[in-house]
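**Q** You'll find final-v4.pdb just under this line, and it carries PDB, C-alpha atoms.
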ATOM      1  CA  MET A 526       0.000   0.000   0.000  1.00  0.00           C
ATOM      2  CA  SER A 527       1.410   3.382  -0.971  1.00  0.00           C
ATOM      3  CA  LYS A 528       2.007   5.991   1.718  1.00  0.00           C
ATOM      4  CA  HIS A 529       1.428   9.713   1.396  1.00  0.00           C
ATOM      5  CA  ARG A 530       2.630  12.689   3.417  1.00  0.00           C
ATOM      6  CA  VAL A 531      -0.219  14.492   5.102  1.00  0.00           C
ATOM      7  CA  SER A 532       0.203  17.877   6.716  1.00  0.00           C
ATOM      8  CA  LEU A 533      -2.688  18.993   8.891  1.00  0.00           C
ATOM      9  CA  ASN A 534      -3.583  21.108  11.878  1.00  0.00           C
ATOM     10  CA  VAL A 535      -5.340  19.263  14.718  1.00  0.00           C
ATOM     11  CA  ASN A 536      -6.594  21.269  17.685  1.00  0.00           C
ATOM     12  CA  GLY A 537      -4.217  24.096  16.858  1.00  0.00           C
ATOM     13  CA  GLN A 538      -1.148  21.904  16.518  1.00  0.00           C
ATOM     14  CA  HIS A 539       0.593  21.126  13.230  1.00  0.00           C
ATOM     15  CA  TYR A 540       1.267  17.499  12.287  1.00  0.00           C
ATOM     16  CA  ASP A 541       3.188  15.963   9.382  1.00  0.00           C
ATOM     17  CA  VAL A 542       2.417  12.261   9.103  1.00  0.00           C
ATOM     18  CA  GLU A 543       2.623   9.440   6.610  1.00  0.00           C
ATOM     19  CA  ALA A 544      -0.643   7.693   5.873  1.00  0.00           C
ATOM     20  CA  GLU A 545      -1.594   4.755   3.711  1.00  0.00           C
ATOM     21  CA  ALA A 546      -3.871   5.673   0.818  1.00  0.00           C
ATOM     22  CA  ASN A 547      -6.823   3.864   2.424  1.00  0.00           C
ATOM     23  CA  LYS A 548      -6.397   5.162   6.007  1.00  0.00           C
ATOM     24  CA  THR A 549      -9.333   7.171   7.272  1.00  0.00           C
ATOM     25  CA  LEU A 550      -9.120  10.362   9.275  1.00  0.00           C
ATOM     26  CA  LEU A 551     -10.694   8.404  12.160  1.00  0.00           C
ATOM     27  CA  ARG A 552      -7.824   5.881  12.167  1.00  0.00           C
ATOM     28  CA  LEU A 553      -5.216   8.629  11.769  1.00  0.00           C
ATOM     29  CA  LEU A 554      -6.588  10.497  14.787  1.00  0.00           C
ATOM     30  CA  ARG A 555      -7.001   7.457  17.038  1.00  0.00           C
ATOM     31  CA  ASP A 556      -4.094   5.235  16.002  1.00  0.00           C
ATOM     32  CA  ASP A 557      -1.391   7.660  14.921  1.00  0.00           C
ATOM     33  CA  LEU A 558      -2.137  10.796  16.934  1.00  0.00           C
ATOM     34  CA  GLU A 559      -3.633   8.963  19.956  1.00  0.00           C
ATOM     35  CA  MET A 560      -6.685  11.240  20.114  1.00  0.00           C
ATOM     36  CA  THR A 561      -9.181   8.732  21.408  1.00  0.00           C
ATOM     37  CA  GLY A 562     -11.948  11.235  22.122  1.00  0.00           C
ATOM     38  CA  THR A 563     -13.022  10.620  18.541  1.00  0.00           C
ATOM     39  CA  LYS A 564     -15.025   7.428  18.932  1.00  0.00           C
ATOM     40  CA  CYS A 565     -14.955   4.430  16.619  1.00  0.00           C
ATOM     41  CA  ALA A 566     -18.219   2.542  16.266  1.00  0.00           C
ATOM     42  CA  CYS A 567     -19.766   1.569  12.937  1.00  0.00           C
ATOM     43  CA  GLU A 568     -17.001   2.847  10.594  1.00  0.00           C
ATOM     44  CA  ARG A 569     -19.691   3.205   7.879  1.00  0.00           C
ATOM     45  CA  GLY A 570     -20.951   6.711   8.575  1.00  0.00           C
ATOM     46  CA  ASP A 571     -24.225   5.498  10.069  1.00  0.00           C
ATOM     47  CA  CYS A 572     -23.826   6.452  13.734  1.00  0.00           C
ATOM     48  CA  GLY A 573     -21.925   9.759  13.622  1.00  0.00           C
ATOM     49  CA  LEU A 574     -19.934   8.938  16.757  1.00  0.00           C
ATOM     50  CA  CYS A 575     -16.666   9.685  14.957  1.00  0.00           C
ATOM     51  CA  THR A 576     -17.716  13.269  14.168  1.00  0.00           C
ATOM     52  CA  VAL A 577     -14.995  15.915  14.188  1.00  0.00           C
ATOM     53  CA  LEU A 578     -14.958  19.466  12.891  1.00  0.00           C
ATOM     54  CA  LEU A 579     -13.193  19.661   9.539  1.00  0.00           C
ATOM     55  CA  ASP A 580     -12.563  23.327   8.774  1.00  0.00           C
ATOM     56  CA  GLY A 581     -15.336  24.033  11.287  1.00  0.00           C
ATOM     57  CA  VAL A 582     -17.915  21.730   9.690  1.00  0.00           C
ATOM     58  CA  PRO A 583     -19.157  18.587  11.491  1.00  0.00           C
ATOM     59  CA  THR A 584     -17.749  15.652   9.514  1.00  0.00           C
ATOM     60  CA  LYS A 585     -17.852  11.896  10.033  1.00  0.00           C
ATOM     61  CA  SER A 586     -14.159  11.073  10.196  1.00  0.00           C
ATOM     62  CA  CYS A 587     -14.690   7.439   9.202  1.00  0.00           C
ATOM     63  CA  LEU A 588     -15.833   8.614   5.753  1.00  0.00           C
ATOM     64  CA  VAL A 589     -12.853  10.881   5.051  1.00  0.00           C
ATOM     65  CA  LEU A 590      -9.497   9.588   3.902  1.00  0.00           C
ATOM     66  CA  ALA A 591      -6.499  10.994   5.735  1.00  0.00           C
ATOM     67  CA  VAL A 592      -4.978  12.134   2.435  1.00  0.00           C
ATOM     68  CA  GLU A 593      -8.055  14.315   1.890  1.00  0.00           C
ATOM     69  CA  VAL A 594      -7.281  16.445   4.950  1.00  0.00           C
ATOM     70  CA  ASP A 595      -3.871  17.578   3.765  1.00  0.00           C
ATOM     71  CA  GLY A 596      -3.580  21.280   4.580  1.00  0.00           C
ATOM     72  CA  ARG A 597      -6.822  21.382   6.536  1.00  0.00           C
ATOM     73  CA  GLU A 598      -7.933  22.135  10.094  1.00  0.00           C
ATOM     74  CA  VAL A 599      -9.376  19.394  12.306  1.00  0.00           C
ATOM     75  CA  THR A 600     -10.925  19.934  15.725  1.00  0.00           C
ATOM     76  CA  THR A 601     -11.590  16.986  18.006  1.00  0.00           C
ATOM     77  CA  VAL A 602     -13.269  17.003  21.394  1.00  0.00           C
ATOM     78  CA  GLU A 603      -9.804  17.230  22.979  1.00  0.00           C
ATOM     79  CA  GLY A 604      -9.363  20.675  21.399  1.00  0.00           C
ATOM     80  CA  ILE A 605     -12.840  22.093  21.815  1.00  0.00           C
ATOM     81  CA  SER A 606     -12.494  23.992  25.080  1.00  0.00           C
ATOM     82  CA  GLY A 607      -8.883  25.003  25.505  1.00  0.00           C
ATOM     83  CA  GLY A 608      -8.615  23.669  29.056  1.00  0.00           C
ATOM     84  CA  GLU A 609     -11.798  25.077  30.607  1.00  0.00           C
ATOM     85  CA  LEU A 610     -15.203  23.532  30.002  1.00  0.00           C
ATOM     86  CA  ASN A 611     -17.091  25.528  27.402  1.00  0.00           C
ATOM     87  CA  ALA A 612     -20.792  26.471  27.637  1.00  0.00           C
ATOM     88  CA  VAL A 613     -21.867  23.353  25.739  1.00  0.00           C
ATOM     89  CA  GLN A 614     -19.882  21.012  27.986  1.00  0.00           C
ATOM     90  CA  ARG A 615     -21.203  22.697  31.141  1.00  0.00           C
ATOM     91  CA  ALA A 616     -24.784  22.451  29.851  1.00  0.00           C
ATOM     92  CA  PHE A 617     -24.365  18.751  29.009  1.00  0.00           C
ATOM     93  CA  ILE A 618     -23.289  18.105  32.602  1.00  0.00           C
ATOM     94  CA  LYS A 619     -26.077  20.264  34.042  1.00  0.00           C
ATOM     95  CA  HIS A 620     -28.785  18.494  32.013  1.00  0.00           C
ATOM     96  CA  GLY A 621     -27.469  14.936  32.420  1.00  0.00           C
ATOM     97  CA  ALA A 622     -26.898  14.699  28.676  1.00  0.00           C
ATOM     98  CA  ILE A 623     -23.818  12.537  29.098  1.00  0.00           C
ATOM     99  CA  GLN A 624     -25.118   9.181  30.377  1.00  0.00           C
ATOM    100  CA  CYS A 625     -22.642   6.523  29.110  1.00  0.00           C
ATOM    101  CA  GLY A 626     -20.601   9.230  27.354  1.00  0.00           C
ATOM    102  CA  PHE A 627     -19.755   7.347  24.178  1.00  0.00           C
ATOM    103  CA  CYS A 628     -21.703   9.695  21.893  1.00  0.00           C
ATOM    104  CA  THR A 629     -20.924  12.822  23.919  1.00  0.00           C
ATOM    105  CA  PRO A 630     -17.802  13.956  22.003  1.00  0.00           C
ATOM    106  CA  ALA A 631     -19.718  13.976  18.715  1.00  0.00           C
ATOM    107  CA  PHE A 632     -22.686  15.830  20.201  1.00  0.00           C
ATOM    108  CA  ILE A 633     -20.380  18.398  21.838  1.00  0.00           C
ATOM    109  CA  LEU A 634     -18.694  19.078  18.496  1.00  0.00           C
ATOM    110  CA  VAL A 635     -21.958  19.258  16.531  1.00  0.00           C
ATOM    111  CA  ALA A 636     -23.496  21.570  19.144  1.00  0.00           C
ATOM    112  CA  THR A 637     -20.426  23.809  19.224  1.00  0.00           C
ATOM    113  CA  ALA A 638     -20.475  24.151  15.429  1.00  0.00           C
ATOM    114  CA  LEU A 639     -24.224  24.861  15.452  1.00  0.00           C
ATOM    115  CA  LEU A 640     -23.934  27.584  18.080  1.00  0.00           C
ATOM    116  CA  LYS A 641     -21.027  29.163  16.252  1.00  0.00           C
ATOM    117  CA  ARG A 642     -23.043  29.566  13.050  1.00  0.00           C
ATOM    118  CA  ASN A 643     -26.414  30.093  14.776  1.00  0.00           C
ATOM    119  CA  PRO A 644     -26.086  31.350  18.362  1.00  0.00           C
ATOM    120  CA  LYS A 645     -29.835  31.213  19.074  1.00  0.00           C
ATOM    121  CA  PRO A 646     -31.211  28.092  17.354  1.00  0.00           C
ATOM    122  CA  THR A 647     -34.777  26.906  17.691  1.00  0.00           C
ATOM    123  CA  GLU A 648     -35.522  23.435  19.019  1.00  0.00           C
ATOM    124  CA  GLU A 649     -36.153  22.251  15.459  1.00  0.00           C
ATOM    125  CA  GLU A 650     -32.786  23.615  14.323  1.00  0.00           C
ATOM    126  CA  VAL A 651     -31.081  21.774  17.191  1.00  0.00           C
ATOM    127  CA  LYS A 652     -32.861  18.542  16.265  1.00  0.00           C
ATOM    128  CA  ASP A 653     -31.792  18.972  12.647  1.00  0.00           C
ATOM    129  CA  ALA A 654     -28.159  19.657  13.634  1.00  0.00           C
ATOM    130  CA  ILE A 655     -27.857  16.576  15.859  1.00  0.00           C
ATOM    131  CA  GLY A 656     -29.716  14.295  13.461  1.00  0.00           C
ATOM    132  CA  GLY A 657     -26.552  12.603  12.223  1.00  0.00           C
ATOM    133  CA  VAL A 658     -25.400  11.392  15.650  1.00  0.00           C
ATOM    134  CA  LEU A 659     -26.993   8.438  17.419  1.00  0.00           C
ATOM    135  CA  CYS A 660     -27.468   8.008  21.167  1.00  0.00           C
ATOM    136  CA  ARG A 661     -28.751   4.871  22.866  1.00  0.00           C
ATOM    137  CA  CYS A 662     -29.026   6.217  26.418  1.00  0.00           C
ATOM    138  CA  THR A 663     -30.626   9.644  26.699  1.00  0.00           C
ATOM    139  CA  GLY A 664     -33.620   9.669  24.385  1.00  0.00           C
ATOM    140  CA  TYR A 665     -32.196  12.984  23.077  1.00  0.00           C
ATOM    141  CA  ARG A 666     -34.348  15.239  25.314  1.00  0.00           C
ATOM    142  CA  GLN A 667     -31.448  16.027  27.659  1.00  0.00           C
ATOM    143  CA  ILE A 668     -29.139  16.693  24.705  1.00  0.00           C
ATOM    144  CA  ILE A 669     -31.608  19.089  23.080  1.00  0.00           C
ATOM    145  CA  ASP A 670     -32.232  20.868  26.385  1.00  0.00           C
ATOM    146  CA  ALA A 671     -28.490  21.171  27.009  1.00  0.00           C
ATOM    147  CA  ILE A 672     -27.842  22.731  23.605  1.00  0.00           C
ATOM    148  CA  LEU A 673     -30.735  25.169  23.994  1.00  0.00           C
ATOM    149  CA  ASP A 674     -29.440  26.082  27.467  1.00  0.00           C
ATOM    150  CA  ALA A 675     -25.901  26.563  26.116  1.00  0.00           C
ATOM    151  CA  SER A 676     -27.309  28.932  23.494  1.00  0.00           C
ATOM    152  CA  LYS A 677     -28.309  31.272  26.318  1.00  0.00           C
ATOM    153  CA  SER A 678     -24.616  31.570  27.247  1.00  0.00           C
ATOM    154  CA  THR A 679     -23.387  32.506  23.750  1.00  0.00           C
TER
END
Once more with this new file: its structure as structure tokens, please.
**A**
Amino acid sequence: MSKHRVSLNVNGQHYDVEAEANKTLLRLLRDDLEMTGTKCACERGDCGLCTVLLDGVPTKSCLVLAVEVDGREVTTVEGISGGELNAVQRAFIKHGAIQCGFCTPAFILVATALLKRNPKPTEEEVKDAIGGVLCRCTGYRQIIDAILDASKST
């Protein structure tokens, strides 16, 4: 398998790595850069648990090849708050929107991107934004409430 140089910025830090042509961004983040906040579940794009922000846009990292992110900006849950919990993270804790926590990184990233582009979303806009991420524990009500609450802090 041929290898390619990939230069990317992850959470504000520059990385130059070699990646096989078929390696996904998910595998690059988890296996090579040891950023395990990006969860691996279906690896088919169905569950959304591997969501990261690619140039600020929520993106399922299992569907993107590492070579496609050359020169681009990736934000994972590890880089979302800069050390302090952000408004979204605090609201998720307050509303019990974490439960088992496996889907939480993806929801945090999707919610952060939503509130950046739309600081005061309606409930329907929140539901639409989170539609690509699955949760088996919360029933989504706590997640929706947390995002709406976080919007009051932005």
**Q** Could you list, as a list in words, every residue within 10 Å of Arg666 of chain A, counting all atoms listed in the file and ignoring same-chain residues fewer than 5 positions away?
**A** His620, Gly621, Ala622, Lys652 and Ala671 of chain A
**Q** Output C-alpha atoms for every residue in the selection just made, as a PDB file, in the coordinates of the input.
**A**
ATOM      1  CA  HIS A 620     -28.785  18.494  32.013  1.00  0.00           C
ATOM      2  CA  GLY A 621     -27.469  14.936  32.420  1.00  0.00           C
ATOM      3  CA  ALA A 622     -26.898  14.699  28.676  1.00  0.00           C
ATOM      4  CA  LYS A 652     -32.861  18.542  16.265  1.00  0.00           C
ATOM      5  CA  ALA A 671     -28.490  21.171  27.009  1.00  0.00           C
TER       6      ALA A 671
END
**Q** Would you kindly return, as a ChimeraX atom specification, each protein, DNA or RNA residue with an atom no farther than 12 Å from any atom of Pro644 of chain A, considering only C-alpha atoms and excluding same-chain residues fewer than 6 positions away?
**A** /A:612-613,636-638,650-651,672-679
**Q** Check the smallest atom-to-atom distance from each of A:Val582, A:Cys567, A:Met526, A:Val599 to His539 of chain A using all atoms listed in the file, then report the winner.
**A**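 Closest to His539 of chain A of all the choices is A:Val599.
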**Q** Just say which residues the PyMOL selection byres ((chain A and resi 587-594) around 7) picks in this file, as a PDB file with C-alpha atoms, keeping the file's coordinate frame.
**A**
ATOM      1  CA  HIS A 529       1.428   9.713   1.396  1.00  0.00           C
ATOM      2  CA  VAL A 531      -0.219  14.492   5.102  1.00  0.00           C
ATOM      3  CA  LEU A 533      -2.688  18.993   8.891  1.00  0.00           C
ATOM      4  CA  ALA A 544      -0.643   7.693   5.873  1.00  0.00           C
ATOM      5  CA  ALA A 546      -3.871   5.673   0.818  1.00  0.00           C
ATOM      6  CA  ASN A 547      -6.823   3.864   2.424  1.00  0.00           C
ATOM      7  CA  LYS A 548      -6.397   5.162   6.007  1.00  0.00           C
ATOM      8  CA  THR A 549      -9.333   7.171   7.272  1.00  0.00           C
ATOM      9  CA  LEU A 550      -9.120  10.362   9.275  1.00  0.00           C
ATOM     10  CA  LEU A 551     -10.694   8.404  12.160  1.00  0.00           C
ATOM     11  CA  LEU A 553      -5.216   8.629  11.769  1.00  0.00           C
ATOM     12  CA  GLU A 568     -17.001   2.847  10.594  1.00  0.00           C
ATOM     13  CA  ARG A 569     -19.691   3.205   7.879  1.00  0.00           C
ATOM     14  CA  GLY A 570     -20.951   6.711   8.575  1.00  0.00           C
ATOM     15  CA  CYS A 575     -16.666   9.685  14.957  1.00  0.00           C
ATOM     16  CA  LYS A 585     -17.852  11.896  10.033  1.00  0.00           C
ATOM     17  CA  SER A 586     -14.159  11.073  10.196  1.00  0.00           C
ATOM     18  CA  ASP A 595      -3.871  17.578   3.765  1.00  0.00           C
ATOM     19  CA  GLY A 596      -3.580  21.280   4.580  1.00  0.00           C
ATOM     20  CA  ARG A 597      -6.822  21.382   6.536  1.00  0.00           C
TER      21      ARG A 597
END
**Q** Translate the PyMOL selection byres ((chain A and resi 578) around 10), as applied to the file shown, into an explicit residue set as a VMD selection string.
**A** chain A and resid 535 to 536 576 to 577 579 to 586 598 to 602 605 631 634 to 635 637 to 638
**Q** Translate the PyMOL selection byres ((chain A and resi 572) around 7), as applied to the file shown, into an explicit residue set as a list of chain:residue names.
**A**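 Applied to this file, the PyMOL selection byres ((chain A and resi 572) around 7) returns A:Cys567, A:Gly570, A:Asp571, A:Gly573, A:Leu574, A:Gly657, A:Val658, A:Leu659.
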**Q** I'd like to know which of A:Asp670, A:Glu603, A:Glu545, A:Glu649 is closest to Lys564 of chain A, using all atoms listed in the file.
**A**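 That would be A:Glu603, the residue with the smallest distance to Lys564 of chain A.
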**Q** Please indicate the distance in Å from atom CA of Thr629 of chain A to atom CA of Leu554 of chain A, rounded to one decimal place.
**A** 17.2 Å
**Q** For atom CA of Val542 of chain A and atom CA of Leu610 of chain A, quote the distance in Å rounded to one decimal.
**A** 29.6 Å
**Q** What separation in Å, quoted to one decimal, exists between atom CA of Leu639 of chain A and atom CA of Ile669 of chain A?
**A**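 Taking atom CA of Leu639 of chain A and atom CA of Ile669 of chain A, their separation equals 12.1 Å.
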**Q** Nearest residue to Arg661 of chain A out of A:Pro630, A:Lys645, A:Cys625, A:Arg552, using all atoms listed in the file?
**A**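 Using all atoms listed in the file, Arg661 of chain A sits closest to A:Cys625.
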